[in-house]
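Heads up, the thing below is written out as structure tokens.
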Amino acid sequence: MSGFGKGIETAQVRMKWDPAPFGATPHDLDLIGAVYATDDPYGPLLQIVHFGSRSTDGTVFLNRDSRTGQGLGWDEVMTMELSRMPGTSGRVVIGVAVRQAGGAPLRFADVANPRAQVVTGYEVLAEHDFKEVAGATAATVAEFARDGAGLWTFRPVLRGFDTDAVTFAKRMGAA
């Protein structure tokens, strides 16, 4: 939390994974953020955020994007500035899609050591290793929603999907 009585003001979802073996096609895990309306939190998307994009109001954005899992630290980082979101935005769902250029679809089980972490400041809200959804090609990892007082709260989720990234982005926030 960001302070007594303030709810969550800013949060990050972080992803990392080990690179594909030498000579193999790189594994690409993409963070996807979906913003839903306050008056219809399970209805149609207001906005979708993924690699190469950000929310129109600048409150949800990708800080870091990796296409290979190489490098030190977290490979992908998405930030949600929840306290700056307009009152019409009432729910944010973050998911991860496994992608590989060409070839058969990959599943979390095909990627070495995939990990996700949800944080606000220095507080870790949730961590996932994807073992529960090893057979999935995509998964939701975090949900933020406004409570009755308009404060942002966090609900840990790990829900697997067996679909492509585009379809996942449309379905990830369904009830």
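Residue numbers start at 1 in each chain; chains themselves are named A, B, ... in the order of the structure tokens; ligands are numbered from 1 in the order shown.
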Quick one: residues within 10 Å of Gly87 (chain A), only C-alpha atoms counted, chain neighbours fewer than 6 positions away excluded, as a PDB file with N, CA, C and O atoms, in the first residue's frame?
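Final output, saved to out-v6.pdb:
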ATOM      1  N   ALA A  37     -13.950  -0.284 -17.516  1.00  0.00           N
ATOM      2  CA  ALA A  37     -14.715   0.842 -16.985  1.00  0.00           C
ATOM      3  C   ALA A  37     -15.190   0.594 -15.554  1.00  0.00           C
ATOM      4  O   ALA A  37     -15.470  -0.542 -15.166  1.00  0.00           O
ATOM      5  N   THR A  38     -15.316   1.670 -14.805  1.00  0.00           N
ATOM      6  CA  THR A  38     -15.833   1.603 -13.438  1.00  0.00           C
ATOM      7  C   THR A  38     -17.260   1.072 -13.432  1.00  0.00           C
ATOM      8  O   THR A  38     -17.621   0.241 -12.605  1.00  0.00           O
ATOM      9  N   ASP A  39     -18.080   1.529 -14.374  1.00  0.00           N
ATOM     10  CA  ASP A  39     -19.488   1.124 -14.394  1.00  0.00           C
ATOM     11  C   ASP A  39     -19.723  -0.219 -15.089  1.00  0.00           C
ATOM     12  O   ASP A  39     -20.838  -0.727 -15.076  1.00  0.00           O
ATOM     13  N   ARG A 146     -11.063  -0.684  -8.126  1.00  0.00           N
ATOM     14  CA  ARG A 146     -11.482   0.341  -7.159  1.00  0.00           C
ATOM     15  C   ARG A 146     -12.487  -0.273  -6.192  1.00  0.00           C
ATOM     16  O   ARG A 146     -13.371  -1.025  -6.601  1.00  0.00           O
ATOM     17  N   GLY A 150     -13.524   4.181  -3.763  1.00  0.00           N
ATOM     18  CA  GLY A 150     -12.738   4.670  -4.893  1.00  0.00           C
ATOM     19  C   GLY A 150     -11.243   4.418  -4.783  1.00  0.00           C
ATOM     20  O   GLY A 150     -10.474   4.895  -5.609  1.00  0.00           O
TER      21      GLY A 150
END
I'd like the neighbourhood of Ser55 (chain A) as an mmCIF file with N, CA and C atoms, in the first residue's frame, where a residue qualifies if any of its atoms comes within 12 Å (using only C-alpha atoms), though same-chain residues fewer than 4 positions away should be ignored.
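Ended up saving to part_4.cif:
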data_model
loop_
_atom_site.group_PDB
_atom_site.id
_atom_site.type_symbol
_atom_site.label_atom_id
_atom_site.label_comp_id
_atom_site.auth_asym_id
_atom_site.auth_seq_id
_atom_site.Cartn_x
_atom_site.Cartn_y
_atom_site.Cartn_z
ATOM 1 N N ILE A 32 0.727 -7.760 -20.889
ATOM 2 C CA ILE A 32 -0.419 -7.094 -21.515
ATOM 3 C C ILE A 32 -1.287 -6.532 -20.401
ATOM 4 N N GLY A 33 -1.653 -5.261 -20.509
ATOM 5 C CA GLY A 33 -2.521 -4.619 -19.528
ATOM 6 C C GLY A 33 -3.858 -4.278 -20.148
ATOM 7 N N ALA A 34 -4.939 -4.571 -19.446
ATOM 8 C CA ALA A 34 -6.288 -4.274 -19.921
ATOM 9 C C ALA A 34 -6.995 -3.400 -18.894
ATOM 10 N N VAL A 35 -7.559 -2.299 -19.358
ATOM 11 C CA VAL A 35 -8.273 -1.357 -18.486
ATOM 12 C C VAL A 35 -9.763 -1.448 -18.788
ATOM 13 N N TYR A 36 -10.568 -1.557 -17.721
ATOM 14 C CA TYR A 36 -12.014 -1.700 -17.849
ATOM 15 C C TYR A 36 -12.714 -0.558 -17.124
ATOM 16 N N LEU A 45 -13.272 -3.788 -23.157
ATOM 17 C CA LEU A 45 -12.039 -3.069 -22.836
ATOM 18 C C LEU A 45 -12.178 -1.580 -23.097
ATOM 19 N N LEU A 46 -11.645 -0.769 -22.188
ATOM 20 C CA LEU A 46 -11.485 0.659 -22.475
ATOM 21 C C LEU A 46 -10.173 0.878 -23.216
ATOM 22 N N GLN A 47 -9.130 0.167 -22.744
ATOM 23 C CA GLN A 47 -7.797 0.311 -23.336
ATOM 24 C C GLN A 47 -7.038 -0.993 -23.188
ATOM 25 N N ILE A 48 -6.126 -1.217 -24.118
ATOM 26 C CA ILE A 48 -5.217 -2.352 -24.034
ATOM 27 C C ILE A 48 -3.801 -1.808 -24.181
ATOM 28 N N VAL A 49 -2.896 -2.291 -23.342
ATOM 29 C CA VAL A 49 -1.511 -1.828 -23.359
ATOM 30 C C VAL A 49 -0.616 -3.045 -23.529
ATOM 31 N N HIS A 50 0.331 -2.945 -24.459
ATOM 32 C CA HIS A 50 1.271 -4.035 -24.718
ATOM 33 C C HIS A 50 2.542 -3.428 -25.285
ATOM 34 N N PHE A 51 3.470 -4.280 -25.738
ATOM 35 C CA PHE A 51 4.729 -3.771 -26.280
ATOM 36 C C PHE A 51 4.434 -2.748 -27.381
ATOM 37 N N THR A 59 -1.107 6.369 -17.960
ATOM 38 C CA THR A 59 -1.060 5.790 -16.618
ATOM 39 C C THR A 59 -0.655 4.317 -16.594
ATOM 40 N N VAL A 60 -0.677 3.642 -17.731
ATOM 41 C CA VAL A 60 -0.236 2.251 -17.839
ATOM 42 C C VAL A 60 0.772 2.191 -18.976
ATOM 43 N N PHE A 61 1.979 1.727 -18.655
ATOM 44 C CA PHE A 61 3.014 1.715 -19.694
ATOM 45 C C PHE A 61 4.055 0.641 -19.409
ATOM 46 N N LEU A 62 4.711 0.211 -20.466
ATOM 47 C CA LEU A 62 5.763 -0.786 -20.376
ATOM 48 C C LEU A 62 7.090 -0.067 -20.230
ATOM 49 N N MET A 78 5.880 -3.583 -16.345
ATOM 50 C CA MET A 78 4.740 -2.719 -16.671
ATOM 51 C C MET A 78 4.354 -1.958 -15.413
ATOM 52 N N THR A 79 4.197 -0.649 -15.544
ATOM 53 C CA THR A 79 3.825 0.218 -14.425
ATOM 54 C C THR A 79 2.394 0.698 -14.596
ATOM 55 N N MET A 80 1.649 0.699 -13.489
ATOM 56 C CA MET A 80 0.298 1.230 -13.445
ATOM 57 C C MET A 80 0.269 2.364 -12.429
ATOM 58 N N GLU A 81 0.053 3.576 -12.878
ATOM 59 C CA GLU A 81 -0.097 4.731 -11.976
ATOM 60 C C GLU A 81 -1.585 4.873 -11.672
ATOM 61 N N LEU A 82 -2.044 4.041 -10.770
ATOM 62 C CA LEU A 82 -3.468 3.920 -10.492
ATOM 63 C C LEU A 82 -4.073 5.215 -9.944
ATOM 64 N N ARG A 84 -3.509 8.153 -10.705
ATOM 65 C CA ARG A 84 -3.697 9.144 -11.765
ATOM 66 C C ARG A 84 -4.800 8.759 -12.755
ATOM 67 N N MET A 85 -5.341 7.553 -12.631
ATOM 68 C CA MET A 85 -6.360 7.099 -13.584
ATOM 69 C C MET A 85 -7.657 7.866 -13.385
ATOM 70 N N PRO A 86 -8.340 8.143 -14.474
ATOM 71 C CA PRO A 86 -9.626 8.856 -14.349
ATOM 72 C C PRO A 86 -10.658 7.983 -13.633
ATOM 73 N N SER A 89 -12.119 4.732 -15.099
ATOM 74 C CA SER A 89 -11.365 3.477 -15.119
ATOM 75 C C SER A 89 -11.493 2.813 -13.755
ATOM 76 N N VAL A 92 -8.139 -2.934 -13.637
ATOM 77 C CA VAL A 92 -6.983 -3.178 -14.500
ATOM 78 C C VAL A 92 -6.556 -4.627 -14.301
#
Please list as a ChimeraX atom specification every residue within 9 Å of region 118-132 of chain A, counting only C-alpha atoms and excluding residues in the same chain fewer than 5 positions away.
/A:1-2,8-14,108-109,113,139,141-142,154-160
Kindly give the distance, in Å, that separates CA of Ala97 (chain A) and CA of Leu29 (chain A), rounded to a single decimal.
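Between CA of Ala97 (chain A) and CA of Leu29 (chain A) the gap works out to 5.6 Å.
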Can you measure CA of Arg115 (chain A) to CA of Gly73 (chain A) for me? One decimal in Å is fine.
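These two atoms are separated by 11.4 Å.
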Point-to-point distance from CA of Pro41 (chain A) to CA of Phe161 (chain A), Å rounded to tenths:
19.8 Å
If DSSP is run on the backbone, what residues of region 65-136 of chain A are strand (DSSP E)? A reply as a PyMOL selection string would be ideal.
chain A and resi 76-80+89-99+115-120+123-128
Hey, what's within 7 Å of region 16-20 of chain A if we count only C-alpha atoms and toss same-chain stuff fewer than 2 positions away? As a PyMOL selection string, please?
chain A and resi 14+22+24-27+68-70+74-76+112-116
Write the selection just made, keeping C-alpha atoms, as a compact mmCIF listing (two decimals), in the first residue's frame?
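The result, stored in result-v4.txt:
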# COMPACT_ATOMS: atom_id res chain seq x y z
CA ARG A 14 7.62 -7.66 -13.53
CA PHE A 22 21.72 -21.49 -27.91
CA ALA A 24 16.91 -22.17 -30.69
CA THR A 25 14.28 -19.60 -31.63
CA PRO A 26 14.06 -17.01 -28.80
CA HIS A 27 11.16 -17.18 -26.35
CA THR A 68 14.62 -12.99 -25.64
CA GLY A 69 14.84 -13.10 -21.83
CA GLN A 70 18.51 -12.12 -22.02
CA TRP A 74 13.60 -8.20 -14.85
CA ASP A 75 13.05 -8.66 -18.58
CA GLU A 76 9.67 -6.91 -18.80
CA ALA A 112 12.85 -22.00 -18.68
CA ASN A 113 12.12 -20.42 -15.28
CA PRO A 114 9.31 -17.97 -16.08
CA ARG A 115 8.56 -15.75 -13.08
CA ALA A 116 6.27 -12.83 -12.38
From the options A:Val111, A:Val93, A:Ala136, A:Ala149, which residue's atoms come nearest to Lys170 (chain A), counting only C-alpha atoms?
A:Val93
Given only C-alpha atoms as the counted atoms, nearest of A:Val98, A:Ala165, A:Val77, A:Ala145 to Asp28 (chain A):
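Of the candidates, the smallest distance to Asp28 (chain A) is held by A:Val98.
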Ranking A:Arg107, A:Asp164, A:Gly23, A:Arg91 by minimum distance to Leu151 (chain A) and counting only C-alpha atoms, which one comes first?
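For Leu151 (chain A), the nearest of the candidates is A:Arg91.
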From the list A:Leu106, A:Ser53, A:Ile94, A:Ser83, which residue is nearest Trp152 (chain A) when using only C-alpha atoms?
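For Trp152 (chain A), the nearest of the candidates is A:Ser83.
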